file model16.cif (mmCIF, C-alpha atoms)
data_model
#
loop_
_atom_site.label_atom_id
_atom_site.label_comp_id
_atom_site.auth_asym_id
_atom_site.auth_seq_id
_atom_site.Cartn_x
_atom_site.Cartn_y
_atom_site.Cartn_z
CA MET A 1 107.01 118.93 138.25
CA SER A 2 104.77 121.07 136.03
CA HIS A 3 104.13 119.50 132.63
CA THR A 4 102.94 122.72 130.98
CA PRO A 5 106.37 123.92 129.70
CA PHE A 6 106.94 120.53 128.03
CA ILE A 7 103.50 120.56 126.38
CA VAL A 8 103.91 124.17 125.19
CA ALA A 9 107.42 123.49 123.87
CA ALA A 10 106.27 120.33 122.04
CA TYR A 11 103.39 122.09 120.25
CA LEU A 12 105.44 125.20 119.53
CA ILE A 13 108.28 123.21 117.97
CA GLY A 14 105.77 121.05 116.06
CA ALA A 15 104.02 124.15 114.69
CA VAL A 16 107.30 125.79 113.64
CA VAL A 17 108.56 122.65 111.87
CA LEU A 18 105.24 122.06 110.05
CA PHE A 19 104.91 125.74 109.11
CA TRP A 20 108.47 125.84 107.79
CA ALA A 21 107.95 122.59 105.84
CA ALA A 22 104.79 124.04 104.30
CA MET A 23 106.24 127.47 103.45
CA ALA A 24 109.62 126.37 102.07
CA PRO A 25 108.29 125.10 98.69
CA VAL A 26 106.00 128.13 98.32
CA LEU A 27 108.89 130.59 98.83
CA SER A 28 111.18 128.49 96.66
CA LYS A 29 108.60 128.48 93.83
CA ARG A 30 108.20 132.25 94.04
CA SER A 31 111.92 132.86 93.78
CA PHE A 32 112.28 130.29 90.96
CA LEU A 33 109.46 131.89 88.93
CA ARG A 34 111.01 135.33 89.48
CA GLN A 35 114.34 134.02 88.17
CA LEU A 36 112.66 132.52 85.10
CA LYS A 37 110.77 135.73 84.35
CA ASN A 38 113.92 137.85 84.74
CA ARG A 39 115.75 135.52 82.37
CA GLN A 40 112.90 135.72 79.88
CA THR A 41 112.86 139.53 80.05
CA ARG A 42 116.64 139.72 79.55
CA MET A 43 116.40 137.44 76.51
CA GLU A 44 113.58 139.49 75.01
CA LYS A 45 115.57 142.73 75.49
CA SER A 46 118.70 141.29 73.93
CA GLN A 47 116.80 140.19 70.79
CA MET B 1 93.83 102.04 74.99
CA ASN B 2 93.11 100.13 78.21
CA PRO B 3 91.34 102.57 80.63
CA ILE B 4 93.82 101.78 83.43
CA TYR B 5 96.81 102.49 81.19
CA LEU B 6 95.04 105.61 79.95
CA PHE B 7 94.53 106.79 83.55
CA PHE B 8 98.22 106.28 84.43
CA HIS B 9 99.31 107.85 81.16
CA LYS B 10 97.17 110.93 81.82
CA THR B 11 97.96 111.41 85.50
CA GLY B 12 101.62 110.74 84.82
CA SER B 13 101.79 113.59 82.32
CA PRO B 14 103.53 116.59 83.99
CA PRO B 15 101.27 119.34 82.53
CA TRP B 16 98.13 117.39 83.54
CA PHE B 17 99.49 116.65 87.00
CA TYR B 18 100.60 120.26 87.52
CA LYS B 19 97.25 121.66 86.47
CA TYR B 20 94.92 119.37 88.44
CA SER B 21 97.05 118.97 91.57
CA GLY B 22 97.10 122.76 91.83
CA LYS B 23 93.31 122.73 92.09
CA LEU B 24 93.38 120.07 94.81
CA VAL B 25 95.97 121.69 97.10
CA PRO B 26 93.77 124.46 98.65
CA PHE B 27 91.07 121.89 99.57
CA LEU B 28 93.65 119.64 101.22
CA TRP B 29 95.00 122.56 103.27
CA ALA B 30 91.47 123.59 104.28
CA ILE B 31 90.56 120.06 105.44
CA PHE B 32 93.85 119.80 107.33
CA LEU B 33 93.24 123.09 109.15
CA VAL B 34 89.67 122.19 110.16
CA LEU B 35 90.60 118.68 111.38
CA ALA B 36 93.74 119.89 113.18
CA ALA B 37 91.87 122.75 114.89
CA TYR B 38 89.13 120.41 116.13
CA GLY B 39 91.62 117.68 117.09
CA LEU B 40 93.76 120.16 119.03
CA TYR B 41 90.71 121.59 120.79
CA LEU B 42 89.62 118.10 121.89
CA GLY B 43 93.16 117.02 122.78
CA LEU B 44 94.28 120.12 124.65
CA VAL B 45 91.00 121.29 126.20
CA VAL B 46 88.36 118.55 126.35
CA ALA B 47 90.30 115.27 126.83
CA PRO B 48 91.14 114.39 130.43
CA ALA B 49 94.65 114.05 131.85
CA ASP B 50 96.00 110.50 132.10
CA TYR B 51 95.96 108.89 135.53
CA GLN B 52 99.63 107.89 135.23
CA GLN B 53 101.17 110.39 132.78
CA GLY B 54 99.18 113.39 133.98
CA GLU B 55 98.92 116.40 131.65
CA SER B 56 101.95 115.33 129.60
CA VAL B 57 99.69 112.83 127.79
CA ARG B 58 98.55 115.80 125.67
CA ILE B 59 101.89 115.67 123.85
CA MET B 60 100.72 112.30 122.47
CA TYR B 61 98.17 113.99 120.19
CA LEU B 62 101.08 115.40 118.22
CA HIS B 63 103.75 112.78 118.88
CA VAL B 64 101.81 109.64 117.91
CA PRO B 65 100.36 110.96 114.58
CA SER B 66 103.82 112.32 113.66
CA ALA B 67 105.45 108.96 114.40
CA TRP B 68 102.79 107.18 112.31
CA MET B 69 103.35 109.65 109.46
CA SER B 70 107.12 109.21 109.62
CA MET B 71 106.70 105.49 108.95
CA MET B 72 103.79 105.77 106.51
CA ILE B 73 105.59 108.31 104.31
CA TYR B 74 108.74 106.21 104.14
CA GLY B 75 106.64 103.15 103.27
CA LEU B 76 104.93 105.10 100.49
CA MET B 77 108.31 106.33 99.25
CA ALA B 78 109.52 102.73 99.00
CA ILE B 79 106.37 101.69 97.06
CA MET B 80 106.54 104.72 94.75
CA GLY B 81 110.28 104.18 94.33
CA PHE B 82 109.64 100.59 93.29
CA ILE B 83 107.02 101.68 90.74
CA ALA B 84 109.38 104.41 89.48
CA LEU B 85 112.22 101.96 88.97
CA VAL B 86 110.20 99.11 87.46
CA TRP B 87 107.74 101.01 85.23
CA ARG B 88 109.81 104.16 84.76
CA ILE B 89 106.92 106.47 85.67
CA ARG B 90 108.52 109.86 86.09
CA ILE B 91 105.82 111.34 88.30
CA MET B 92 106.56 108.61 90.85
CA GLU B 93 110.22 109.67 90.97
CA VAL B 94 109.04 113.23 91.62
CA LEU B 95 106.68 112.05 94.37
CA VAL B 96 109.46 110.06 96.07
CA ILE B 97 111.80 113.02 96.26
CA SER B 98 109.00 115.43 97.23
CA SER B 99 107.91 113.15 100.08
CA ALA B 100 111.33 113.01 101.76
CA PRO B 101 111.39 116.51 103.37
CA VAL B 102 107.83 116.07 104.68
CA GLY B 103 108.71 112.67 106.13
CA ALA B 104 111.86 114.12 107.69
CA ALA B 105 109.80 116.92 109.27
CA PHE B 106 107.37 114.43 110.84
CA THR B 107 110.24 112.22 112.05
CA ALA B 108 111.95 115.21 113.66
CA ILE B 109 108.69 116.19 115.35
CA ALA B 110 108.16 112.62 116.60
CA LEU B 111 111.68 112.56 118.08
CA ILE B 112 111.53 116.04 119.64
CA THR B 113 108.03 115.69 121.10
CA GLY B 114 108.89 112.18 122.33
CA SER B 115 111.89 113.63 124.11
CA LEU B 116 109.79 116.38 125.68
CA TRP B 117 107.29 113.75 126.83
CA GLY B 118 110.08 111.51 128.15
CA ARG B 119 111.55 114.11 130.51
CA PRO B 120 108.54 114.40 132.88
CA THR B 121 107.47 110.76 132.39
CA TRP B 122 110.72 108.76 132.28
CA GLY B 123 112.94 111.38 133.91
CA THR B 124 115.17 111.68 130.84
CA TYR B 125 115.06 113.33 127.39
CA TRP B 126 116.77 110.46 125.62
CA VAL B 127 117.75 106.81 126.03
CA TRP B 128 119.39 104.57 123.43
CA ASP B 129 116.26 102.45 123.40
CA ALA B 130 115.46 100.29 120.33
CA ARG B 131 112.37 102.31 119.33
CA LEU B 132 114.06 105.70 119.76
CA THR B 133 117.25 104.62 118.01
CA SER B 134 115.46 103.04 115.04
CA GLU B 135 113.35 106.22 114.66
CA LEU B 136 116.57 108.28 114.68
CA VAL B 137 117.95 105.97 111.97
CA LEU B 138 114.76 106.73 109.97
CA LEU B 139 115.54 110.46 110.20
CA PHE B 140 119.04 109.79 108.85
CA LEU B 141 117.54 107.70 106.04
CA TYR B 142 115.34 110.66 105.06
CA PHE B 143 118.40 112.94 105.10
CA GLY B 144 120.25 110.33 103.03
CA VAL B 145 117.54 110.30 100.35
CA ILE B 146 117.53 114.13 100.19
CA LEU B 147 121.34 114.38 100.06
CA LEU B 148 121.63 111.61 97.47
CA TYR B 149 119.10 113.37 95.22
CA ASN B 150 121.02 116.63 95.50
CA ALA B 151 124.37 114.96 94.83
CA PHE B 152 123.56 114.31 91.14
CA ASP B 153 123.45 116.89 88.34
CA GLU B 154 121.02 114.91 86.23
CA PRO B 155 117.60 114.99 87.98
CA ARG B 156 116.26 111.68 86.64
CA LYS B 157 119.40 109.78 87.57
CA ALA B 158 119.25 111.46 90.98
CA ALA B 159 115.60 110.49 91.47
CA ARG B 160 116.31 106.88 90.52
CA ALA B 161 119.16 106.70 93.03
CA ALA B 162 116.90 108.23 95.69
CA SER B 163 114.15 105.72 94.80
CA LEU B 164 116.59 102.84 95.22
CA MET B 165 117.70 104.16 98.59
CA SER B 166 114.05 104.46 99.68
CA ILE B 167 113.49 100.79 98.85
CA VAL B 168 116.62 99.62 100.67
CA GLY B 169 115.88 101.79 103.72
CA ALA B 170 112.39 100.31 104.08
CA ILE B 171 114.02 97.44 105.98
CA ASN B 172 114.04 99.83 108.96
CA LEU B 173 110.22 100.08 109.07
CA PRO B 174 109.48 96.63 110.55
CA ILE B 175 112.39 97.19 112.94
CA ILE B 176 110.75 100.40 114.23
CA TYR B 177 107.30 98.83 114.42
CA PHE B 178 108.30 95.61 116.17
CA SER B 179 111.14 97.08 118.27
CA VAL B 180 108.88 97.29 121.33
CA GLU B 181 108.13 93.55 121.01
CA TRP B 182 111.53 92.24 119.90
CA TRP B 183 113.57 94.05 122.55
CA ASN B 184 113.04 94.99 126.16
CA THR B 185 112.47 98.70 125.64
CA LEU B 186 111.55 101.67 127.78
CA HIS B 187 109.12 102.85 125.09
CA GLN B 188 105.54 101.73 125.64
CA GLY B 189 103.79 99.28 123.31
CA SER B 190 101.47 100.18 120.45
CA SER B 191 98.50 102.46 121.30
CA MET B 192 96.45 100.70 118.63
CA GLY B 193 97.14 97.02 119.22
CA SER B 194 95.67 94.14 117.23
CA ASP B 195 92.99 93.63 119.92
CA GLY B 196 91.70 97.19 119.50
CA PRO B 197 92.77 100.54 120.92
CA GLY B 198 93.76 100.41 124.59
CA ILE B 199 92.73 104.01 125.25
CA HIS B 200 89.50 105.71 126.28
CA PRO B 201 87.30 107.15 123.47
CA SER B 202 87.72 110.69 124.88
CA MET B 203 91.44 110.35 124.09
CA LEU B 204 91.05 108.18 121.00
CA LEU B 205 88.91 110.71 119.09
CA PRO B 206 91.44 113.61 119.18
CA LEU B 207 94.22 111.15 118.37
CA LEU B 208 92.38 109.87 115.29
CA LEU B 209 91.43 113.41 114.23
CA MET B 210 95.04 114.52 114.43
CA ALA B 211 96.15 111.37 112.61
CA THR B 212 93.69 112.14 109.79
CA ALA B 213 94.70 115.82 109.72
CA THR B 214 98.37 114.91 109.24
CA LYS B 215 97.43 112.79 106.19
CA PHE B 216 95.87 115.87 104.57
CA TYR B 217 98.93 117.94 105.54
CA TYR B 218 101.12 115.39 103.80
CA GLY B 219 98.88 115.40 100.70
CA ALA B 220 98.90 119.19 100.41
CA ASN B 221 102.61 119.55 101.10
CA LEU B 222 103.54 116.67 98.80
CA LEU B 223 101.59 118.09 95.86
CA THR B 224 103.03 121.59 96.43
CA ARG B 225 106.57 120.18 96.44
CA ALA B 226 105.93 117.87 93.47
CA ARG B 227 104.64 120.82 91.40
CA LEU B 228 107.77 122.81 92.24
CA THR B 229 110.04 119.88 91.33
CA LEU B 230 108.25 119.48 87.98
CA LEU B 231 108.62 123.20 87.27
CA LYS B 232 112.35 123.06 88.04
CA GLN B 233 112.94 119.92 85.98
CA ASP B 234 110.87 121.08 82.99
CA HIS B 235 111.58 124.82 82.96
CA ARG B 236 112.93 124.63 79.42
CA LYS B 237 109.97 122.66 78.12
CA ARG B 238 107.09 124.09 76.17
CA TRP B 239 104.36 123.55 78.77
CA VAL B 240 106.26 125.56 81.42
CA GLN B 241 106.98 128.35 78.92
CA ASP B 242 103.28 128.45 78.02
CA LEU B 243 102.37 128.52 81.69
CA LEU B 244 104.69 131.44 82.34
CA THR B 245 103.31 133.34 79.37
CA GLU B 246 99.75 132.64 80.57
CA GLU B 247 100.57 133.87 84.09
CA SER B 248 102.25 137.05 82.89
CA HIS B 249 99.11 138.07 80.91
#
call {"tool": "encode", "arguments": {"input": "model16.cif", "output": "structure tokens"}}
result
Amino acid sequence: MSHTPFIVAAYLIGAVVLFWAAMAPVLSKRSFLRQLKNRQTRMEKSQ
Amino acid sequence: MNPIYLFFHKTGSPPWFYKYSGKLVPFLWAIFLVLAAYGLYLGLVVAPADYQQGESVRIMYLHVPSAWMSMMIYGLMAIMGFIALVWRIRIMEVLVISSAPVGAAFTAIALITGSLWGRPTWGTYWVWDARLTSELVLLFLYFGVILLYNAFDEPRKAARAASLMSIVGAINLPIIYFSVEWWNTLHQGSSMGSDGPGIHPSMLLPLLLMATATKFYYGANLLTRARLTLLKQDHRKRWVQDLLTEESH
């Protein structure tokens, strides 16, 4: 039995999980800051 | 003021923590990338195949550090949770809840890579072995902490509940660690036993490099998540408003 597919799958899955875990807070922060800025702009316009 | 109290007072202040942790994060990522690249090169290219496991031993350079991290992070969450509950240090609550997704990621990787190693070595992806089952319970504990935090509307109450769950769940850590000694399991014993590592230096070096790299990954990811949690919790406070104004100029 060739072990290569198991090794490739293990590292690929590991890389995807770690990349996702690293990117999730960065993307979440971006969208949260955008929301805050939009809210701030709306408030300034309404005043 | 006592210098130790002063240190905790300063580092526990959200604006201070947000500012200085932000400066640290890029360095932690850089160290992680360098160590992981070198560790992977040694593990996947230079290190020899095992005489029993063959090439599948290379999965160990990801599986073992991930399994260590899964336990270490939960242990740290229990300690930080204890500090958060006893001394009411808010930054500790934030660190507990920010650690949980990273710990869950490492636990999932340990389980998946272990499964992929088990198929060519044991002939099966999964057995209800004490080590594997207790590691799966750890993954559910991480999910429990995350779900419990999200079940409350008030963030500080949520963080305190999550801290308490982290402390209670820590009972699983000695069970995972000693499972290979307490029960007759299919999983092999510890790679780093009390009488020194039982593996050749050509395999030990990439393993230790990867283990160190994952610590830096955790540090960088934890601080990134903690900064986001602080921003979300404090978005109506003056320091966040000032920060936003500063960034928009």
call {"tool": "closest_residue", "arguments": {"input": "model16.cif", "among": "B:Pro155, B:Gly219, B:Gly75, B:Pro48", "to": "chain A", "atoms": "only C-alpha atoms"}}
result
B:Gly219
call {"tool": "resolve_selection", "arguments": {"input": "model16.cif", "expression": "the PyMOL selection byres ((chain B) within 6 of (chain A))", "output": "PyMOL selection string"}}
result
chain B and resi 56+59+109+113+116+221+225+228
call {"tool": "atom_distance", "arguments": {"input": "model16.cif", "atom1": "CA of Thr224 (chain B)", "atom2": "CA of Ser21 (chain B)"}}
result
8.1 Å
call {"tool": "atom_distance", "arguments": {"input": "model16.cif", "atom1": "CA of Ala161 (chain B)", "atom2": "CA of Phe82 (chain B)"}}
result
11.3 Å
call {"tool": "atom_distance", "arguments": {"input": "model16.cif", "atom1": "CA of Leu208 (chain B)", "atom2": "CA of Thr107 (chain B)"}}
result
18.3 Å
call {"tool": "axis_aligned_box", "arguments": {"input": "model16.cif", "around": "region 134-151 of chain B", "padding_each_side": "8 Å", "output": "lines of an AutoDock Vina configuration file"}}
result
center_x = 118.9
center_y = 109.8
center_z = 104.9
size_x = 27.0
size_y = 29.6
size_z = 36.2
call {"tool": "resolve_selection", "arguments": {"input": "model16.cif", "expression": "the PyMOL selection byres ((chain B and resi 5-20) around 12)", "output": "MDAnalysis selection string"}}
result
chainID B and resid 1:4 21:26 83:84 87:95 223:235 237:243
call {"tool": "write_last_selection", "arguments": {"input": "model16.cif", "atoms": "C-alpha atoms", "output": "compact mmCIF listing (two decimals), in the frame of the given file"}}
result
# COMPACT_ATOMS: atom_id res chain seq x y z
CA MET B 1 93.83 102.04 74.99
CA ASN B 2 93.11 100.13 78.21
CA PRO B 3 91.34 102.57 80.63
CA ILE B 4 93.82 101.78 83.43
CA SER B 21 97.05 118.97 91.57
CA GLY B 22 97.10 122.76 91.83
CA LYS B 23 93.31 122.73 92.09
CA LEU B 24 93.38 120.07 94.81
CA VAL B 25 95.97 121.69 97.10
CA PRO B 26 93.77 124.46 98.65
CA ILE B 83 107.02 101.68 90.74
CA ALA B 84 109.38 104.41 89.48
CA TRP B 87 107.74 101.01 85.23
CA ARG B 88 109.81 104.16 84.76
CA ILE B 89 106.92 106.47 85.67
CA ARG B 90 108.52 109.86 86.09
CA ILE B 91 105.82 111.34 88.30
CA MET B 92 106.56 108.61 90.85
CA GLU B 93 110.22 109.67 90.97
CA VAL B 94 109.04 113.23 91.62
CA LEU B 95 106.68 112.05 94.37
CA LEU B 223 101.59 118.09 95.86
CA THR B 224 103.03 121.59 96.43
CA ARG B 225 106.57 120.18 96.44
CA ALA B 226 105.93 117.87 93.47
CA ARG B 227 104.64 120.82 91.40
CA LEU B 228 107.77 122.81 92.24
CA THR B 229 110.04 119.88 91.33
CA LEU B 230 108.25 119.48 87.98
CA LEU B 231 108.62 123.20 87.27
CA LYS B 232 112.35 123.06 88.04
CA GLN B 233 112.94 119.92 85.98
CA ASP B 234 110.87 121.08 82.99
CA HIS B 235 111.58 124.82 82.96
CA LYS B 237 109.97 122.66 78.12
CA ARG B 238 107.09 124.09 76.17
CA TRP B 239 104.36 123.55 78.77
CA VAL B 240 106.26 125.56 81.42
CA GLN B 241 106.98 128.35 78.92
CA ASP B 242 103.28 128.45 78.02
CA LEU B 243 102.37 128.52 81.69
call {"tool": "residues_near_point", "arguments": {"input": "model16.cif", "point": "(89.8, 121.5, 109.1)", "cutoff": "12 Å", "atoms": "only C-alpha atoms", "output": "PyMOL selection string"}}
result
chain B and resi 26-41+209-210+212-217
call {"tool": "residues_near_point", "arguments": {"input": "model16.cif", "point": "(92.4, 120.5, 131.1)", "cutoff": "12 Å", "atoms": "all atoms listed in the file", "output": "PyMOL selection string"}}
result
(chain A and resi 3-4) or (chain B and resi 41-50+54-58)
call {"tool": "resolve_selection", "arguments": {"input": "model16.cif", "expression": "the PyMOL selection byres ((chain B and resi 96) around 10)", "output": "list in words"}}
result
Ile73, Tyr74, Leu76, Met77, Ala78, Ile79, Met80, Gly81, Phe82, Ala84, Ile91, Met92, Glu93, Val94, Leu95, Ile97, Ser98, Ser99, Ala100, Pro101, Val145, Ile146, Ala159, Arg160, Ala162, Ser163, Ser166, Leu222 and Ala226 of chain B
call {"tool": "residues_around", "arguments": {"input": "model16.cif", "residues": "Met71 (chain B)", "least_positions_apart": "5", "cutoff": "9 Å", "atoms": "only C-alpha atoms", "output": "PDB file with C-alpha atoms, in the coordinates of the input"}}
result
ATOM      1  CA  SER B  66     103.820 112.320 113.660  1.00  0.00           C
ATOM      2  CA  LEU B  76     104.930 105.100 100.490  1.00  0.00           C
ATOM      3  CA  GLY B 103     108.710 112.670 106.130  1.00  0.00           C
ATOM      4  CA  THR B 107     110.240 112.220 112.050  1.00  0.00           C
ATOM      5  CA  GLU B 135     113.350 106.220 114.660  1.00  0.00           C
ATOM      6  CA  LEU B 138     114.760 106.730 109.970  1.00  0.00           C
ATOM      7  CA  LEU B 173     110.220 100.080 109.070  1.00  0.00           C
ATOM      8  CA  ILE B 176     110.750 100.400 114.230  1.00  0.00           C
ATOM      9  CA  TYR B 177     107.300  98.830 114.420  1.00  0.00           C
TER      10      TYR B 177
END
call {"tool": "closest_residue", "arguments": {"input": "model16.cif", "among": "B:Ala151, B:Leu85, B:Ala108, B:Ala130", "to": "Val180 (chain B)", "atoms": "only C-alpha atoms"}}
result
B:Ala130
call {"tool": "build_atoms", "arguments": {"input": "model16.cif", "residues": "region 2-24 of chain A", "atoms": "N, CA and C atoms", "output": "tab-separated table (two decimals), in the coordinates of the input"}}
result
chain	number	residue	atom	x	y	z
A	2	SER	N	105.84	120.61	136.92
A	2	SER	CA	104.77	121.07	136.03
A	2	SER	C	105.02	120.56	134.61
A	3	HIS	N	103.98	120.04	133.99
A	3	HIS	CA	104.13	119.50	132.63
A	3	HIS	C	103.90	120.55	131.55
A	4	THR	N	103.32	121.70	131.96
A	4	THR	CA	102.94	122.72	130.98
A	4	THR	C	104.09	123.17	130.06
A	5	PRO	N	105.29	123.48	130.60
A	5	PRO	CA	106.37	123.92	129.70
A	5	PRO	C	106.72	122.87	128.63
A	6	PHE	N	106.62	121.60	128.99
A	6	PHE	CA	106.94	120.53	128.03
A	6	PHE	C	105.87	120.45	126.93
A	7	ILE	N	104.61	120.62	127.36
A	7	ILE	CA	103.50	120.56	126.38
A	7	ILE	C	103.60	121.76	125.44
A	8	VAL	N	103.81	122.95	126.01
A	8	VAL	CA	103.91	124.17	125.19
A	8	VAL	C	105.08	124.06	124.22
A	9	ALA	N	106.24	123.61	124.73
A	9	ALA	CA	107.42	123.49	123.87
A	9	ALA	C	107.17	122.49	122.75
A	10	ALA	N	106.52	121.36	123.05
A	10	ALA	CA	106.27	120.33	122.04
A	10	ALA	C	105.39	120.89	120.91
A	11	TYR	N	104.30	121.57	121.28
A	11	TYR	CA	103.39	122.09	120.25
A	11	TYR	C	104.01	123.26	119.49
A	12	LEU	N	104.79	124.06	120.19
A	12	LEU	CA	105.44	125.20	119.53
A	12	LEU	C	106.45	124.71	118.50
A	13	ILE	N	107.27	123.76	118.90
A	13	ILE	CA	108.28	123.21	117.97
A	13	ILE	C	107.58	122.51	116.80
A	14	GLY	N	106.54	121.74	117.11
A	14	GLY	CA	105.77	121.05	116.06
A	14	GLY	C	105.20	122.05	115.06
A	15	ALA	N	104.62	123.14	115.58
A	15	ALA	CA	104.02	124.15	114.69
A	15	ALA	C	105.08	124.81	113.83
A	16	VAL	N	106.23	125.13	114.41
A	16	VAL	CA	107.30	125.79	113.64
A	16	VAL	C	107.80	124.86	112.53
A	17	VAL	N	108.03	123.60	112.87
A	17	VAL	CA	108.56	122.65	111.87
A	17	VAL	C	107.54	122.47	110.73
A	18	LEU	N	106.27	122.27	111.09
A	18	LEU	CA	105.24	122.06	110.05
A	18	LEU	C	105.04	123.31	109.20
A	19	PHE	N	105.09	124.48	109.85
A	19	PHE	CA	104.91	125.74	109.11
A	19	PHE	C	106.08	125.94	108.14
A	20	TRP	N	107.28	125.68	108.64
A	20	TRP	CA	108.47	125.84	107.79
A	20	TRP	C	108.41	124.85	106.61
A	21	ALA	N	108.03	123.60	106.90
A	21	ALA	CA	107.95	122.59	105.84
A	21	ALA	C	106.90	122.96	104.80
A	22	ALA	N	105.85	123.65	105.24
A	22	ALA	CA	104.79	124.04	104.30
A	22	ALA	C	105.19	125.28	103.50
A	23	MET	N	105.91	126.21	104.12
A	23	MET	CA	106.24	127.47	103.45
A	23	MET	C	107.44	127.36	102.53
A	24	ALA	N	108.38	126.47	102.85
A	24	ALA	CA	109.62	126.37	102.07
A	24	ALA	C	109.36	126.19	100.56
